[in-house]
Amino acid sequence: MKRVVHTCLKAGRLMLAGGSEMYRVEDTMRRIAVNAGIKEVNVFAMPTGLFVSLDDGECSTVTELETVKKRAINLELVDQVNEFSRDREFADKRIDLEELEEKLREIEENTPTFPLWLQVIGAGILSATLMVLFLDVYDWIDFPVAGLIGASGYLMDSWLKGHTKVRFLAEMIAAMEMGLLTIIINGIFPACNVNNILTGALMTLVPGLALTNALRDLFMGDWVSGIVRMCEAAMTAIALGGGVGIVIRFLGA
């Protein structure tokens, strides 16, 4: 029973760390427990914690809690763990619980991620193209500058998140850095449009997936996680807007 609980919690923690929706986390944990032969399974997932209670039908009950402190966006991790909830080998008893635990351990340690340099390049391309998409402005002066500012802001945000545990501080400082660089470039090249550049550059840090998952959780009836994630997305947006606003207020644009 305890091994089943630990396996369920590990799978749920990995999915939450990858940015999964709450209903998918609960469904994955429930499927693993049912396939392990547990008769009664109760699972409750929140963005910061997981609760599991298992009952084997013979007056034996195990209940455990695990907190989740680190969350990011890694859909490859979510997809691989989610596959195990529908793993026919485990359901048909061709592999046991220990082998399933080993697979989850391999996923946690070996799930591929893009190197930082490639993420920065992607952020630059995204910033430039989203400037055109949102503003419908094909300005070949602002286009490369938006890409440069977006890439630098993403790099600053990634570096700060590795050196501070204060939530939303990295986003605010990265936004301030983007605002400062944009104003400096505008001073050197007055033809650049500050509004166009910042609109595209800030899109790399906007919490789009968090907002989408918040709405999905609300639609599925997971009110606690939906409201928490909505507030988290709103605070991130406020941090971004506040960082740029501070720089523009004191330096002008």
# chains A, B, ... in the order shown; residues from 1 in each chain; ligands from 1
call {"tool": "closest_atom_pairs", "arguments": {"of": "stretch 160-181 of chain A", "to": "stretch 131-146 of chain A", "cutoff": "12 Å", "atoms": "only C-alpha atoms", "output": "CSV"}}
result
residue,atom,partner,partner_atom,distance
A:Met178,CA,A:Ala146,CA,9.6
A:Gly179,CA,A:Ala146,CA,11.2
A:Leu181,CA,A:Val145,CA,9.8
call {"tool": "residues_around", "arguments": {"residues": "A:Val228", "least_positions_apart": "4", "cutoff": "9 Å", "atoms": "only C-alpha atoms", "output": "ChimeraX atom specification"}}
result
/A:46-47,214,223-224,232-233
call {"tool": "residues_around", "arguments": {"residues": "A:Phe250", "least_positions_apart": "6", "cutoff": "12 Å", "atoms": "only C-alpha atoms", "output": "tab-separated table (two decimals) with all heavy atoms, in the first residue's frame"}}
result
chain	number	residue	atom	x	y	z
A	176	MET	N	12.10	45.14	-16.31
A	176	MET	CA	12.84	46.39	-16.16
A	176	MET	C	14.04	46.42	-17.09
A	176	MET	O	14.34	47.45	-17.72
A	176	MET	CB	13.29	46.55	-14.71
A	176	MET	CG	12.15	46.76	-13.72
A	176	MET	SD	12.69	46.82	-12.00
A	176	MET	CE	13.65	48.33	-12.02
A	179	GLY	N	12.79	47.06	-20.60
A	179	GLY	CA	12.41	48.46	-20.75
A	179	GLY	C	13.62	49.37	-20.85
A	179	GLY	O	13.66	50.29	-21.69
A	180	LEU	N	14.63	49.11	-20.03
A	180	LEU	CA	15.85	49.93	-20.05
A	180	LEU	C	16.58	49.81	-21.38
A	180	LEU	O	16.98	50.82	-21.98
A	180	LEU	CB	16.76	49.50	-18.89
A	180	LEU	CG	18.09	50.26	-18.77
A	180	LEU	CD1	17.85	51.74	-18.54
A	180	LEU	CD2	18.93	49.66	-17.64
A	183	ILE	N	14.68	51.66	-24.18
A	183	ILE	CA	14.84	53.12	-24.12
A	183	ILE	C	16.23	53.55	-24.59
A	183	ILE	O	16.39	54.55	-25.29
A	183	ILE	CB	14.56	53.62	-22.69
A	183	ILE	CG1	13.07	53.44	-22.36
A	183	ILE	CG2	14.96	55.08	-22.53
A	183	ILE	CD1	12.71	53.79	-20.93
A	243	GLY	N	7.35	46.27	-13.89
A	243	GLY	CA	8.76	46.46	-14.22
A	243	GLY	C	8.97	47.46	-15.34
A	243	GLY	O	9.80	48.37	-15.24
A	244	VAL	N	8.19	47.31	-16.40
A	244	VAL	CA	8.30	48.25	-17.53
A	244	VAL	C	7.83	49.64	-17.11
A	244	VAL	O	8.43	50.67	-17.46
A	244	VAL	CB	7.46	47.74	-18.72
A	244	VAL	CG1	7.39	48.80	-19.81
A	244	VAL	CG2	8.07	46.47	-19.28
call {"tool": "select_by_dssp", "arguments": {"residues": "stretch 45-217 of chain A", "states": "strand (DSSP E)", "output": "ChimeraX atom specification"}}
result
/A:45-46,49-55,61-67
call {"tool": "write_last_selection", "arguments": {"atoms": "C-alpha atoms", "output": "JSON list (two decimals), in the first residue's frame"}}
result
[["chain", "number", "residue", "atom", "x", "y", "z"],
["A", 45, "ALA", "CA", -4.45, 17.72, -6.28],
["A", 46, "MET", "CA", -3.63, 21.40, -5.88],
["A", 49, "GLY", "CA", 0.32, 19.78, -2.94],
["A", 50, "LEU", "CA", -1.05, 16.28, -3.47],
["A", 51, "PHE", "CA", -3.28, 14.20, -1.19],
["A", 52, "VAL", "CA", -3.76, 10.45, -1.66],
["A", 53, "SER", "CA", -5.86, 8.05, 0.40],
["A", 54, "LEU", "CA", -6.00, 4.34, -0.46],
["A", 55, "ASP", "CA", -8.24, 1.65, 1.02],
["A", 61, "THR", "CA", -6.07, 2.62, 4.86],
["A", 62, "VAL", "CA", -3.03, 4.69, 3.93],
["A", 63, "THR", "CA", -3.16, 8.48, 3.53],
["A", 64, "GLU", "CA", -0.22, 10.68, 2.59],
["A", 65, "LEU", "CA", 0.52, 14.25, 1.52],
["A", 66, "GLU", "CA", 3.32, 15.61, -0.65],
["A", 67, "THR", "CA", 4.09, 19.27, -1.30]]
call {"tool": "closest_residue", "arguments": {"among": "A:Glu109, A:Arg216, A:Ile173, A:Asp27", "to": "A:Met156", "atoms": "only C-alpha atoms"}}
result
A:Ile173
call {"tool": "residues_around", "arguments": {"residues": "A:Phe90", "least_positions_apart": "6", "cutoff": "8 Å", "atoms": "only C-alpha atoms", "output": "PyMOL selection string"}}
result
chain A and resi 35-36+96-97+100
call {"tool": "write_last_selection", "arguments": {"atoms": "all heavy atoms", "output": "compact mmCIF listing (two decimals), in the first residue's frame"}}
result
# COMPACT_ATOMS: atom_id res chain seq x y z
N ASN A 35 -4.90 0.12 -11.16
CA ASN A 35 -4.18 -0.96 -11.84
C ASN A 35 -3.30 -1.75 -10.87
O ASN A 35 -2.94 -2.89 -11.17
CB ASN A 35 -3.32 -0.39 -12.96
CG ASN A 35 -4.15 0.09 -14.14
OD1 ASN A 35 -5.28 -0.36 -14.34
ND2 ASN A 35 -3.61 1.01 -14.93
N ALA A 36 -2.97 -1.16 -9.73
CA ALA A 36 -2.18 -1.88 -8.72
C ALA A 36 -3.07 -2.72 -7.82
O ALA A 36 -2.56 -3.41 -6.92
CB ALA A 36 -1.38 -0.89 -7.88
N ASP A 96 5.66 -5.16 -12.83
CA ASP A 96 5.15 -4.95 -11.48
C ASP A 96 5.35 -3.49 -11.06
O ASP A 96 5.85 -2.66 -11.83
CB ASP A 96 5.82 -5.90 -10.50
CG ASP A 96 7.34 -5.76 -10.49
OD1 ASP A 96 7.86 -4.72 -10.96
OD2 ASP A 96 8.03 -6.69 -10.01
N LEU A 97 4.96 -3.19 -9.83
CA LEU A 97 5.01 -1.82 -9.34
C LEU A 97 6.45 -1.31 -9.24
O LEU A 97 6.72 -0.14 -9.49
CB LEU A 97 4.33 -1.76 -7.96
CG LEU A 97 3.99 -0.37 -7.44
CD1 LEU A 97 3.01 0.34 -8.36
CD2 LEU A 97 3.42 -0.47 -6.03
N LEU A 100 7.52 -0.17 -12.59
CA LEU A 100 6.86 1.09 -12.91
C LEU A 100 7.56 2.25 -12.20
O LEU A 100 7.76 3.31 -12.79
CB LEU A 100 5.39 1.03 -12.49
CG LEU A 100 4.56 2.28 -12.76
CD1 LEU A 100 4.52 2.61 -14.25
CD2 LEU A 100 3.15 2.13 -12.21
